[in-house]
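Visitor: Got coords.pdb for you, PDB, C-alpha atoms and all ligand atoms:
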ATOM      1  CA  MET A 491      -9.347  -0.514  -9.578
ATOM      2  CA  VAL A 492     -10.251  -2.827  -6.727
ATOM      3  CA  ARG A 493      -8.185  -5.896  -6.207
ATOM      4  CA  ARG A 494      -9.928  -8.865  -4.724
ATOM      5  CA  HIS A 495      -8.622 -12.000  -3.170
ATOM      6  CA  GLY A 496      -5.607 -13.367  -4.846
ATOM      7  CA  ASN A 497      -3.349 -10.622  -3.608
ATOM      8  CA  ARG A 498       0.041 -11.868  -2.644
ATOM      9  CA  CYS A 499       2.363 -10.604   0.037
ATOM     10  CA  PRO A 500       5.284  -8.639  -1.404
ATOM     11  CA  ARG A 501       7.557 -10.065   1.281
ATOM     12  CA  CYS A 502       6.780 -13.741   1.486
ATOM     13  CA  ASN A 503       4.305 -14.193  -1.341
ATOM     14  CA  GLY A 504       1.801 -15.517   1.169
ATOM     15  CA  ALA A 505      -1.952 -15.234   1.049
ATOM     16  CA  MET A 506      -3.370 -11.887   2.100
ATOM     17  CA  VAL A 507      -6.742 -10.857   3.438
ATOM     18  CA  TYR A 508      -8.445  -7.508   3.143
ATOM     19  CA  GLU A 509      -9.132  -6.264   6.646
ATOM     20  CA  ARG A 510     -10.394  -3.211   8.409
ATOM     21  CA  PHE A 511      -8.001  -1.261  10.588
ATOM     22  CA  GLN A 512      -8.572   1.644  12.925
ATOM     23  CA  ASP A 513      -6.358   4.635  12.782
ATOM     24  CA  MET A 514      -6.364   7.541  15.219
ATOM     25  CA  LEU A 515      -8.688   9.458  13.002
ATOM     26  CA  ASP A 516     -10.694   6.996  11.036
ATOM     27  CA  LEU A 517     -11.034   3.553   9.638
ATOM     28  CA  PHE A 518      -9.211   2.247   6.680
ATOM     29  CA  TYR A 519      -8.827  -0.981   4.853
ATOM     30  CA  ALA A 520      -5.608  -2.709   4.080
ATOM     31  CA  TRP A 521      -4.209  -6.041   3.052
ATOM     32  CA  ARG A 522      -2.746  -8.180   5.792
ATOM     33  CA  CYS A 523      -0.564 -11.174   5.157
ATOM     34  CA  LEU A 524      -1.692 -14.299   6.923
ATOM     35  CA  ASN A 525       1.808 -15.665   6.871
ATOM     36  CA  CYS A 526       4.131 -12.921   8.086
ATOM     37  CA  GLY A 527       1.706 -10.223   9.144
ATOM     38  CA  GLU A 528       2.814  -7.705   6.579
ATOM     39  CA  ILE A 529       0.279  -4.927   6.146
ATOM     40  CA  VAL A 530      -0.083  -3.316   2.791
ATOM     41  CA  ASP A 531      -2.202  -0.243   2.783
ATOM     42  CA  PRO A 532      -3.044   0.818  -0.736
ATOM     43  CA  VAL A 533      -3.196   4.457   0.298
ATOM     44  CA  VAL A 534       0.090   4.339   2.156
ATOM     45  CA  ALA A 535       1.679   2.431  -0.653
ATOM     46  CA  ARG A 536       0.658   5.147  -3.008
ATOM     47  CA  ASN A 537       2.030   7.836  -0.715
ATOM     48  CA  ARG A 538       5.308   6.005  -0.495
ATOM     49  CA  GLU A 539       5.932   6.432  -4.141
ATOM     50  CA  PRO A 540       8.804   8.810  -4.548
ATOM     51  CA  GLU A 541       7.788  12.100  -5.927
ATOM     52  CA  ARG A 542       9.988  13.490  -8.565
ATOM     53  CA  ASN A 543      10.116  17.180  -8.346
ATOM     54  CA  ARG A 544      10.182  18.638 -11.720
ATOM     55  CA  LYS A 545      12.319  21.679 -11.603
ATOM     56  CA  LYS A 546      11.878  24.069 -14.353
ATOM     57  CA  ARG A 547      15.157  25.132 -15.705
ATOM     58  CA  ALA A 548      15.708  27.582 -18.365
ATOM     59  CA  VAL A 549      18.023  25.986 -20.818
ATOM     60  CA  GLY A 550      20.109  28.164 -22.966
TER      61      GLY A 550
HETATM   62 ZN    ZN B 601       3.908 -12.151   4.061
END
Before anything else, please render the file you have as structure tokens.
Guide:
Amino acid sequence: MVRRHGNRCPRCNGAMVYERFQDMLDLFYAWRCLNCGEIVDPVVARNREPERNRKKRAVG
């Protein structure tokens, strides 16, 4: 799902713009807050989600 304008900064709730950034390897797009400069990269944000390792345990 693509979010358009109307995104709000998670820190200050300010207006954000979708901008292009250059990484060492390639280009990527991320949201940048016009107010505080917070950068929210959708990809990074997704990678930040804690992974819960499901350990299989034999019960019994
Ligand atoms: Zn902000």
Visitor: Applied to the shown file, which residues does the PyMOL selection byres (((not hetatm)) within 10 of (chain B and resi 601)) return, written as a list in words?
Guide: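 With the shown file as input, the PyMOL selection byres (((not hetatm)) within 10 of (chain B and resi 601)) matches Arg498, Cys499, Pro500, Arg501, Cys502, Asn503, Gly504, Ala505, Met506, Arg522, Cys523, Leu524, Asn525, Cys526, Gly527, Glu528, Ile529 and Val530 of chain A.
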Visitor: For a test of reading the model, state the distance in Å between CA of Pro532 in chain A and CA of Leu515 in chain A, rounded to one decimal.
Guide: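 Distance between the two atoms: 17.2 Å.
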Visitor: By how many Å are CA of Asn497 in chain A and CA of Asp516 in chain A apart?
Guide: 24.1 Å
Visitor: To test your reading of the syntax: which residues would the PyMOL selection byres (((chain A and resi 519) around 12) and not hetatm) return for the file shown? Reply as a list in words.
Guide: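 Answer for the PyMOL selection byres (((chain A and resi 519) around 12) and not hetatm): Val492, Val507, Tyr508, Glu509, Arg510, Phe511, Gln512, Asp513, Asp516, Leu517, Phe518, Ala520, Trp521, Arg522, Ile529, Val530, Asp531, Pro532, Val533 and Val534 of chain A.
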Visitor: Export, as a PDB file, in the coordinates of the input, the selected residues with C-alpha atoms.
Guide:
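Everything below was put into selection31.pdb:
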ATOM      1  CA  VAL A 492     -10.251  -2.827  -6.727  1.00  0.00           C
ATOM      2  CA  VAL A 507      -6.742 -10.857   3.438  1.00  0.00           C
ATOM      3  CA  TYR A 508      -8.445  -7.508   3.143  1.00  0.00           C
ATOM      4  CA  GLU A 509      -9.132  -6.264   6.646  1.00  0.00           C
ATOM      5  CA  ARG A 510     -10.394  -3.211   8.409  1.00  0.00           C
ATOM      6  CA  PHE A 511      -8.001  -1.261  10.588  1.00  0.00           C
ATOM      7  CA  GLN A 512      -8.572   1.644  12.925  1.00  0.00           C
ATOM      8  CA  ASP A 513      -6.358   4.635  12.782  1.00  0.00           C
ATOM      9  CA  ASP A 516     -10.694   6.996  11.036  1.00  0.00           C
ATOM     10  CA  LEU A 517     -11.034   3.553   9.638  1.00  0.00           C
ATOM     11  CA  PHE A 518      -9.211   2.247   6.680  1.00  0.00           C
ATOM     12  CA  ALA A 520      -5.608  -2.709   4.080  1.00  0.00           C
ATOM     13  CA  TRP A 521      -4.209  -6.041   3.052  1.00  0.00           C
ATOM     14  CA  ARG A 522      -2.746  -8.180   5.792  1.00  0.00           C
ATOM     15  CA  ILE A 529       0.279  -4.927   6.146  1.00  0.00           C
ATOM     16  CA  VAL A 530      -0.083  -3.316   2.791  1.00  0.00           C
ATOM     17  CA  ASP A 531      -2.202  -0.243   2.783  1.00  0.00           C
ATOM     18  CA  PRO A 532      -3.044   0.818  -0.736  1.00  0.00           C
ATOM     19  CA  VAL A 533      -3.196   4.457   0.298  1.00  0.00           C
ATOM     20  CA  VAL A 534       0.090   4.339   2.156  1.00  0.00           C
TER      21      VAL A 534
END
